[in-house]
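Engineer: The structure's right below; bear with me while I get my questions together.
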Amino acid sequence: MVLAGGVPSGRVEEVKVLIVDDEQESLNLLNRTLRGRYETSLARDGREGLRSLERNPVAAVISDQRMPGMTGVEFLAEASRRCPYTQRILLTGYTEVAGIIDAINAGHVFGYLSKPWHPDDLLATLRRAVETHQLLKEKDRLLNDLQKKNEELKALLDKTRRLQAAKLQAERWAALGKLAGMVAHDLRNPLTAIQCQAGVLRDADPAGAGRERSAEAILRQVQRMGHTIDELLLFAKPEDSRSSLRAYELSALVTSLQEAFSLRCDARGIRLETRLDYEGTVYIRPPQVYRVLENLVKNAIDAVGDGGRVLITSEVERLDDREEAVIRVADSGSGIPPSIRQSLFEPFVTRDKPGGTGLGLAIVKKIVCEHGGRVWEEPWKLRGACFHLTLPLAPPDREEAET
C-alpha cells in the first residue's frame with residue numbers, strides 16, 4: 001500500500017519497480033531517485049528487461065526510449081502483453097508529437113517524461129502508476145470474488161430449486177395419498193351397499209317389492225359414486241381461459257336454483273327467499289357458476305334443518321376501477337364451527353356431512369377465482385353462515401384474459 005506523497009508503507013520491497021536504460025549513469029540516477037521509496041531492479045536493454053519481468057513481476061517499469069536492439073516503445077508494448085497490470089512509464093528525449101502518440105498507442109504507456117526529467121515529476125508519475133497497478137489488481141480480486149460468489153449463489157439457487165421441487169413432489173404425493181384414501185373411503189361404502197342390494201336382488205322374488213327397493217338403492221349409490229367422481233374431476237380440471245366467459249342473466253341462474261330446490265324445501269318447510277337488487281348480466285361460464293351456487297344452496301339447506309330459512313341476495317359494488325356483482329347465500333343454521341373456519345375452502349374439509357366429499361367449497365373457490373372473483377364466509381343478516389362471492393359485470397381485458 002502507498003501512502004499520500006508516494007512513500008510506501010512498511011517495507012520498501014512491498015512495491016517493486018523495474019528500470020530499463022542502456023546508459024549506466026541514467027540507471028544510477030534513476031536508482032538513487034527511487035531508493036528508499038521502492039524496491040528497484042535494473043536492466044540494460046529491452047530483452048534483459050523482459051527476462052527480469054518474467055522472473056520478478058513489478059508494479060511499474062520505467063524505460064528509456066532510445067536503446068539498442070529494441071526501442072523503449074517496442075519493449076513497453078511487449079511488456080504490456082506479458083504483464084498487463086504492470087504500469088509503463090517512458091523517458092524520451094524526443095519532443096515530436098508523433099513519437100508521443102506512437103508511444104501511447106503502441107506501448108500502452110501510462111505516462112511519459114521528457115529528458116531532462118525532474119525528480120518530483122518522476123515520483124509523482126510513478127506514484128500514480130503504482131496506485132493504478134494496485135487498483136487493477138484489487139479490481140481483478142474483487143471480480144474473482146464476485147465470480148466465486150455468483151457461482152456459490154448459483155449453486156445455492158440450484159439447491160433451493162431442487163429442495164423446492166422435492167418439497168412440491170412430497171406435497172403432491174401426500175395430497176395424492178389423502179385423495180386416494182378419501183376416494184377409497186367414499187367409494188367403498190356405496191360399493192358395499194351395491195353388493196348387499198345385488199345379493200337381495202339375486203335371492204328375492206322377481207315380482208316382490210324387495211326387488212324394487214333394492215334396485216332404487218343401487219341407483220342411489222351409483223349416483224353417489226358418480227357425484228364423487230364428478231367433483232374429483234372438476235377439482236383437478238385445469239383452469240379455463242377467461243376469454244371463454246360470456247354474458248348471462250344472473251336472475252336466470254337464481255330462478256333455475258329456485259326450481260331445482262323448491263320441492264325439497266317445501267317438503268321440509270324451508271323458506272328459500274331471494275332479494276335481487278341486481279338482476280342483470282354477469283360475465284361467466286354459466287354451468288360452472290350454477291354449480292357454485294348449487295353447492296352453496298345445498299349446504300345452506302342441509303345446515304338449517306326443517307323450518308329454516310335460506311336467503312339469496314345480489315347487488316352491485318364498485319372495487320377500484322370496476323364494478324362487480326356481489327352474491328350472498330345466507331342461512332339460519334348454527335354457523336361455521338370455529339375448528340374449520342380457517343381451512344374452510346381447503347380440499348377435503350367437511351362439517352361431518354353424510355356423503356360429503358370435502359371438495360364442495362374447494363370447488364366453489366376454484367371456480368370463482370378462475371372467473372376473476374372472490375369468495376369468503378362472514379356472518380350477515382341471518383344468524384347462520386353466509387357465503388359472499390363476486391363476479392365480473394364486464395369481460396376481462398385482453399391482457400388479463402391471456403395471463
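Letters A, B, ... go to the chains of the C-alpha cells in the order shown; residues in each chain start at 1; ligands are counted from 1 in the same order.
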Just the residues within 9 Å of His388 of chain A, please, counting only C-alpha atoms, with nothing from its chain fewer than 5 positions along; format it as a count of residues only.
Structural biologist: 10
Engineer: Neighbouring residues of segment 277-288 of chain A were defined as those with any atom within 7 Å, considering only C-alpha atoms; residues of the same chain fewer than 4 positions away were excluded. Please report them as a PyMOL selection string.
Structural biologist: chain A and resi 245-251+292+314-316+367+371+391-395
Engineer: Which residues are near Glu294 of chain A? Cut-off 12 Å, only C-alpha atoms, ignore same chain within fewer than 6 positions. Put them as a list of chain:residue names.
Structural biologist: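 The contact residues come out as A:Leu253, A:Val254, A:Thr255, A:Ser256, A:Leu257, A:Gln258, A:Glu259, A:Ala260, A:Phe261, A:Pro286, A:Pro287, A:Gln288, A:Ala300, A:Ile301, A:Ile312, A:Val329, A:Gly360, A:Leu361, A:Ile363, A:Val364.
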Engineer: Using only C-alpha atoms, determine which residues lie at most 9 Å from Gln65 of chain A, disregarding the query and same-chain residues fewer than 4 positions distant; provide the list as a PyMOL selection string.
Structural biologist: chain A and resi 21+70-75+90-94+103
Engineer: Have a look at A:Pro116, A:Gly372, A:Ala43, A:Leu122 and name the one nearest to Glu324 of chain A; count only C-alpha atoms.
Structural biologist: A:Gly372
Engineer: Find, counting only C-alpha atoms, the residue in A:Leu50, A:Leu191, A:Tyr85, A:Gly111 that gets nearest to Asp140 of chain A.
Structural biologist: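 Among the listed residues, the smallest separation from Asp140 of chain A belongs to A:Tyr85.
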